[in-house]
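In what follows, a structure is listed as structure tokens, so that the remarks can point back to it.
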Amino acid sequence: MAASSRSVFSSCLNYTRSFSLTSTRTSRQFTRQICVSSRVQVNKAARGPEKFSIEYIRKHAEEFEVGKRRLANMMGEDPETFTQQDVDRSIEYLFPSGLFEKKARPVMKHPELIFPKQTAAQWDKDGRPFHFLFYTGTPSFYSIMHDTFGKVLAIEKHQDQMRSKGALPQDSKQISLGGSRWLLKEELEEVLVENISDQDYSRFLQLMDKLLSLPFCALEEEFVQRFRKQLEIQSTKQEIPDVHCDENGRSYSQAQGRRKTATASVTLRDCGSGRVAVNGKDCLLYFPILQDREQIMFPLHFAGMLGRFDVQAHVEGGGRSAQAGALRLAIARALLSFVSTPAEVETIRQAGLLTADPRIKERQKPGQAGARKKYTWKKR
Amino acid sequence: MVPSKETESMFHTEQQVGQYYTIPSAQLKKAFPNGLPRRFQMQIKTFNEACVMVRQPGLELISYLKRADYAKPALRYILFGEVGCGKTMSLCHTLHFCSTQGWLVLHVPDAHLWVKNCKELLPSSSRPTRLDQPIEASQWLKNFKITNEHFLSKQIKTTRRYIWTKRESTEEGRPLGEMVDHGMSRVKSSSDVVGALLRELRLQAGGATEDAFRLAVAVDGVNALWGKTSLKKEDKSPVSPDDLTLIHNLKKMLRNDWCGGAILTTLSQTGSLFKPRSAYLPTELLGEEGFDNMDPFVPIPVSNYSDKEFESCYLYYMDRNWLQHPHSRTEEGRKELLFLSSRNPSILERLCSFL
């Protein structure tokens, strides 16, 4: 029982792709191979890239499902409602790893997410390829180009028909392209499961633009939308802090902000007079430099709410400029709860007030005096 | 509220808080040869007029002066507040009132100048342990003469004979102006002249005679007298303020053992030595010794602009076309200025000024 459970786990847990093969080898070793004969030296390079057939992936998918249920039983949770998030959490608990690279840590996922997608067999038993564009080397890509151009010709023909009937091309509706973008080269490669060059990608985009430039392109809207990705409005992802009410009836909101090593936490109270207190002192005394006070003023000034709030802030760490930047971020976040419409939230986000500045001090490298500064170079 | 340039009359009341009044240029040169803050002097040169805002601390001080009993010993007033609040300006407002009322004004523009950056330190001729500062003393005598010309030339006479050196002396009964001229010409003994002058004024202020005068002793930065100096003797040992003749005599002046006048002082952190920037209370800046010496005194706090005063200052700058940027003339710009200056008068002035 222990051996079989171990084998199930060892096949489901994949550190790297090669480990899956070694795991099957170890499971074979558990069957007590007595004499270790000298095996044939396998030339791994000549085999080409590893091929994972559909049966292989299907088999591993079943093992994954079984292993997931076993894991749920081990953790004492309900196997029916055991989600991938719970799986990740349990693996992190059972196999704590100190590695910094997240991709190198133990992972238990569905085989489709782990093994790269590969195309099925592309020729029949006689060696004749299925796809008519097989000998281009990238049949899926060229078939898309072929289809698109076919549609271009069809639309032009339709246009000629309409012109001969007398219907003007301007009456047709256009495809709305706002809020979406073309698939990137990497995304297109992922969809087509084959590699494309940069020139191919640019030709693809040119052909799509030509299609869209025709008046009656709305006929092929569905085909075009397959290659466009919708962009979410970033501001919907923004977390807005809650508004509370204190005992005097004034509403207030709290938020945190960080910059370099400085952390700031801010309470913004409504119906105030524009006073700012930082660590108990007046803003003027704490930040004698004008630039810092301008930084703090910017979110309130941009939203047009300068004299409305009283700000109580607590800030620690960092230097003078870092503290001012942390305060600015915290005030901008706290402001969101008093801002009325999502459009205003979007303008504040586009002003860059809600983005945390990721720049930190660069590490010093060995063999150099600082992060970039080198020691004196001697020619000889 | 529009800052009307009020009449030069000194009968200011509570209703005029926030309004500006002009000091005529003739009186200006006489009363304040060196007494105004430097930035204000630049503003006077730019705007070609000296407009001072009437504020609560100045009015309070003037009302105390009006109601005080001058038969009793002199009262000490200390103006204190944060950096850039307007303490020196309030003092100058009060001094202008005093000079228009015909008082004798003894104004030390900045006591900190006497305890630091002294080019020449001479051992005193009269007392061997003390040190003289001839340049500062003669400079101060010059300004004193400009301010109180009419007093010196006619009214006050010396009460005893002063011997400066082996060959020079001032007889009894000579007008004080002669002594002052001697101090200005003989720079070496100017510090002793200052000491003698202070003594004379102390003895003669508030007499019962018909040509009695009232004496206003105004010291800006009084915490310098009890702090440390940055001066060193020739053997590199530090000098304490008591070793300086000027400081010693001024301290005698600040004792309230004379009648017929008032002692108006200001605390100042800006020029002070070895004091943190956040210190502004009398206990912090004066220290124990200074506080005990000045005690009892009347404290008068000076704060930042109120909303009305800020509005008045802003309208004054607009009126003078000092705010050039079109955005600063809008409501938005006004709010920005309010936030950035946090209602501090000096910061507001620096914000509005040239780069």
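Following the order of the structure tokens, first chain is A, next is B, and so on, with residues numbered from 1 inside each chain and ligands from 1 in the order they appear.
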
Practice task
Write out as a ChimeraX atom specification all residues of region 61-199 of chain B that DSSP puts in alpha helix (DSSP H) for this structure's backbone.
Solution key: /B:61-67,87-100,134-147,149-150,176-185,190-199

Handout entry: Distance filter 12 Å, only C-alpha atoms, chain A against chain B, as a VMD selection string
Key = chain A and resid 273 to 277 281 to 311

Practice task
List the neighbours of region 115-125 of chain A out to 12 Å using only C-alpha atoms; skip same-chain residues closer than 5 positions along the sequence, and give me the result as number ranges by chain.
Solution key: A: 14-18, 20, 49-58, 60-61, 109-110, 130-135, 137-140, 189-195

Problem - Contacts of region 27-44 of chain B within 8 Å, only C-alpha atoms, excl. fewer than 4 positions in-chain, as a ChimeraX atom specification - result: /B:23,48-51,88-89,92,95-96,99,107-109,143,146-147

Handout entry: Nearby residues (only C-alpha atoms) at most 9 Å from region 148-152 of chain A, same-chain spacing under 3 positions excluded, as a PyMOL selection string
Key = chain A and resi 143-145+155-157+207-208+210-211+214+217+220+223

Exercise for the section: Within 6 Å of Tyr77 (chain B), counting only C-alpha atoms, which residues show up once you throw out same-chain ones fewer than 4 positions away? Write them as a ChimeraX atom specification, please. Expected result: /B:264-265,297-299

Using N, CA and C atoms, can you export the residues from the last selection as an mmCIF file, in the first residue's frame?
```
data_model
loop_
_atom_site.group_PDB
_atom_site.id
_atom_site.type_symbol
_atom_site.label_atom_id
_atom_site.label_comp_id
_atom_site.auth_asym_id
_atom_site.auth_seq_id
_atom_site.Cartn_x
_atom_site.Cartn_y
_atom_site.Cartn_z
ATOM 1 N N LEU B 264 10.501 94.811 25.784
ATOM 2 C CA LEU B 264 9.828 93.961 24.792
ATOM 3 C C LEU B 264 10.867 93.050 24.176
ATOM 4 N N THR B 265 10.643 91.771 24.261
ATOM 5 C CA THR B 265 11.642 90.857 23.716
ATOM 6 C C THR B 265 10.985 89.809 22.831
ATOM 7 N N PHE B 297 7.471 87.329 33.528
ATOM 8 C CA PHE B 297 7.280 88.049 32.270
ATOM 9 C C PHE B 297 5.885 87.776 31.741
ATOM 10 N N VAL B 298 5.486 88.573 30.773
ATOM 11 C CA VAL B 298 4.181 88.379 30.138
ATOM 12 C C VAL B 298 4.419 87.650 28.822
ATOM 13 N N PRO B 299 3.982 86.410 28.695
ATOM 14 C CA PRO B 299 4.202 85.717 27.429
ATOM 15 C C PRO B 299 3.104 86.060 26.436
#
```

Practice task
Record the distance separating CA of Lys45 (chain B) and CA of Tyr20 (chain B), expressed in Å with one decimal.
Solution key: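 Computed distance, CA of Lys45 (chain B) to CA of Tyr20 (chain B), equals 16.9 Å.
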
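For the set B:Ala196, B:Met294, B:Cys118, B:Val17, the residue with the smallest atom-to-atom gap to Arg255 (chain B) is B:Met294, counting only C-alpha atoms.
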
Can you list, as a compact mmCIF listing (two decimals) with all heavy atoms, in the first residue's frame, every protein, DNA or RNA residue that comes within 8 Å of Leu268 (chain A) when you count only C-alpha atoms, leaving out same-chain residues fewer than 3 positions away?
```txt
# COMPACT_ATOMS: atom_id res chain seq x y z
N TYR A 252 -14.38 58.70 7.90
CA TYR A 252 -12.95 58.63 7.66
C TYR A 252 -12.62 57.33 6.96
O TYR A 252 -13.37 56.36 7.00
CB TYR A 252 -12.17 58.74 8.98
CG TYR A 252 -12.32 57.56 9.91
CD1 TYR A 252 -11.42 56.50 9.87
CD2 TYR A 252 -13.34 57.50 10.84
CE1 TYR A 252 -11.54 55.41 10.71
CE2 TYR A 252 -13.48 56.42 11.69
CZ TYR A 252 -12.57 55.39 11.63
OH TYR A 252 -12.70 54.32 12.48
N SER A 253 -11.46 57.33 6.30
CA SER A 253 -10.98 56.10 5.66
C SER A 253 -9.48 55.99 5.92
O SER A 253 -8.80 56.99 6.12
CB SER A 253 -11.25 56.13 4.16
OG SER A 253 -10.40 57.06 3.55
N GLN A 254 -9.00 54.74 5.91
CA GLN A 254 -7.58 54.50 6.20
C GLN A 254 -6.94 53.72 5.08
O GLN A 254 -7.58 52.89 4.45
CB GLN A 254 -7.46 53.69 7.50
CG GLN A 254 -7.85 54.50 8.69
CD GLN A 254 -7.81 53.68 9.95
OE1 GLN A 254 -8.26 52.55 9.96
NE2 GLN A 254 -7.28 54.24 10.99
N PHE A 309 -10.24 67.75 3.57
CA PHE A 309 -9.90 66.67 4.49
C PHE A 309 -8.91 67.10 5.54
O PHE A 309 -8.10 67.98 5.34
CB PHE A 309 -9.28 65.49 3.74
CG PHE A 309 -10.24 64.83 2.81
CD1 PHE A 309 -10.16 65.05 1.46
CD2 PHE A 309 -11.23 64.01 3.30
CE1 PHE A 309 -11.04 64.45 0.60
CE2 PHE A 309 -12.11 63.41 2.45
CZ PHE A 309 -12.02 63.63 1.09
N ASP A 310 -8.95 66.39 6.70
CA ASP A 310 -7.88 66.45 7.67
C ASP A 310 -7.11 65.15 7.54
O ASP A 310 -7.69 64.08 7.54
CB ASP A 310 -8.47 66.52 9.09
CG ASP A 310 -8.71 67.94 9.50
OD1 ASP A 310 -8.23 68.85 8.81
OD2 ASP A 310 -9.39 68.15 10.50
N VAL A 311 -5.80 65.26 7.47
CA VAL A 311 -4.97 64.07 7.26
C VAL A 311 -4.19 63.79 8.54
O VAL A 311 -3.50 64.66 9.06
CB VAL A 311 -3.97 64.30 6.10
CG1 VAL A 311 -3.10 63.09 5.92
CG2 VAL A 311 -4.72 64.60 4.82
N GLN A 312 -4.30 62.54 9.00
CA GLN A 312 -3.46 62.12 10.13
C GLN A 312 -2.60 60.98 9.63
O GLN A 312 -3.11 59.95 9.21
CB GLN A 312 -4.34 61.56 11.24
CG GLN A 312 -4.60 62.47 12.35
CD GLN A 312 -5.51 61.81 13.35
OE1 GLN A 312 -6.34 60.99 13.01
NE2 GLN A 312 -5.33 62.14 14.58
N ILE A 331 -2.30 58.41 0.73
CA ILE A 331 -3.37 59.40 0.63
C ILE A 331 -4.22 59.15 -0.61
O ILE A 331 -5.46 59.23 -0.57
CB ILE A 331 -2.79 60.83 0.61
CG1 ILE A 331 -2.19 61.18 1.96
CG2 ILE A 331 -3.85 61.85 0.26
CD1 ILE A 331 -1.56 62.54 2.00
N ALA A 334 -6.48 56.23 0.07
CA ALA A 334 -7.57 56.57 0.99
C ALA A 334 -8.59 57.47 0.33
O ALA A 334 -9.78 57.42 0.64
CB ALA A 334 -7.00 57.25 2.24
N LEU A 335 -8.13 58.29 -0.62
CA LEU A 335 -9.04 59.21 -1.32
C LEU A 335 -10.10 58.48 -2.13
O LEU A 335 -11.18 59.00 -2.36
CB LEU A 335 -8.23 60.05 -2.31
CG LEU A 335 -8.01 61.51 -2.02
CD1 LEU A 335 -7.46 62.16 -3.26
CD2 LEU A 335 -9.27 62.20 -1.62
```

Exercise for the section: Apply DSSP to the structure's backbone, then extract all residues of region 201-265 of chain B labelled strand (DSSP E or B) and return them as a count of residues only. Expected result: 15

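With distances restricted to only C-alpha atoms, A:Glu232 is the closest residue to Gly179 (chain A) from A:Asp200, A:Glu221, A:Glu80, A:Glu232.
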
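Minimum atom-to-atom distance to Gln159 (chain A), evaluated using only C-alpha atoms, belongs to A:Leu219 out of A:Gly178, A:Lys185, A:Ala324, A:Leu219.
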
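If you look at CA of Asp257 (chain B) and CA of Leu203 (chain B), they are 10.0 Å away from each other.
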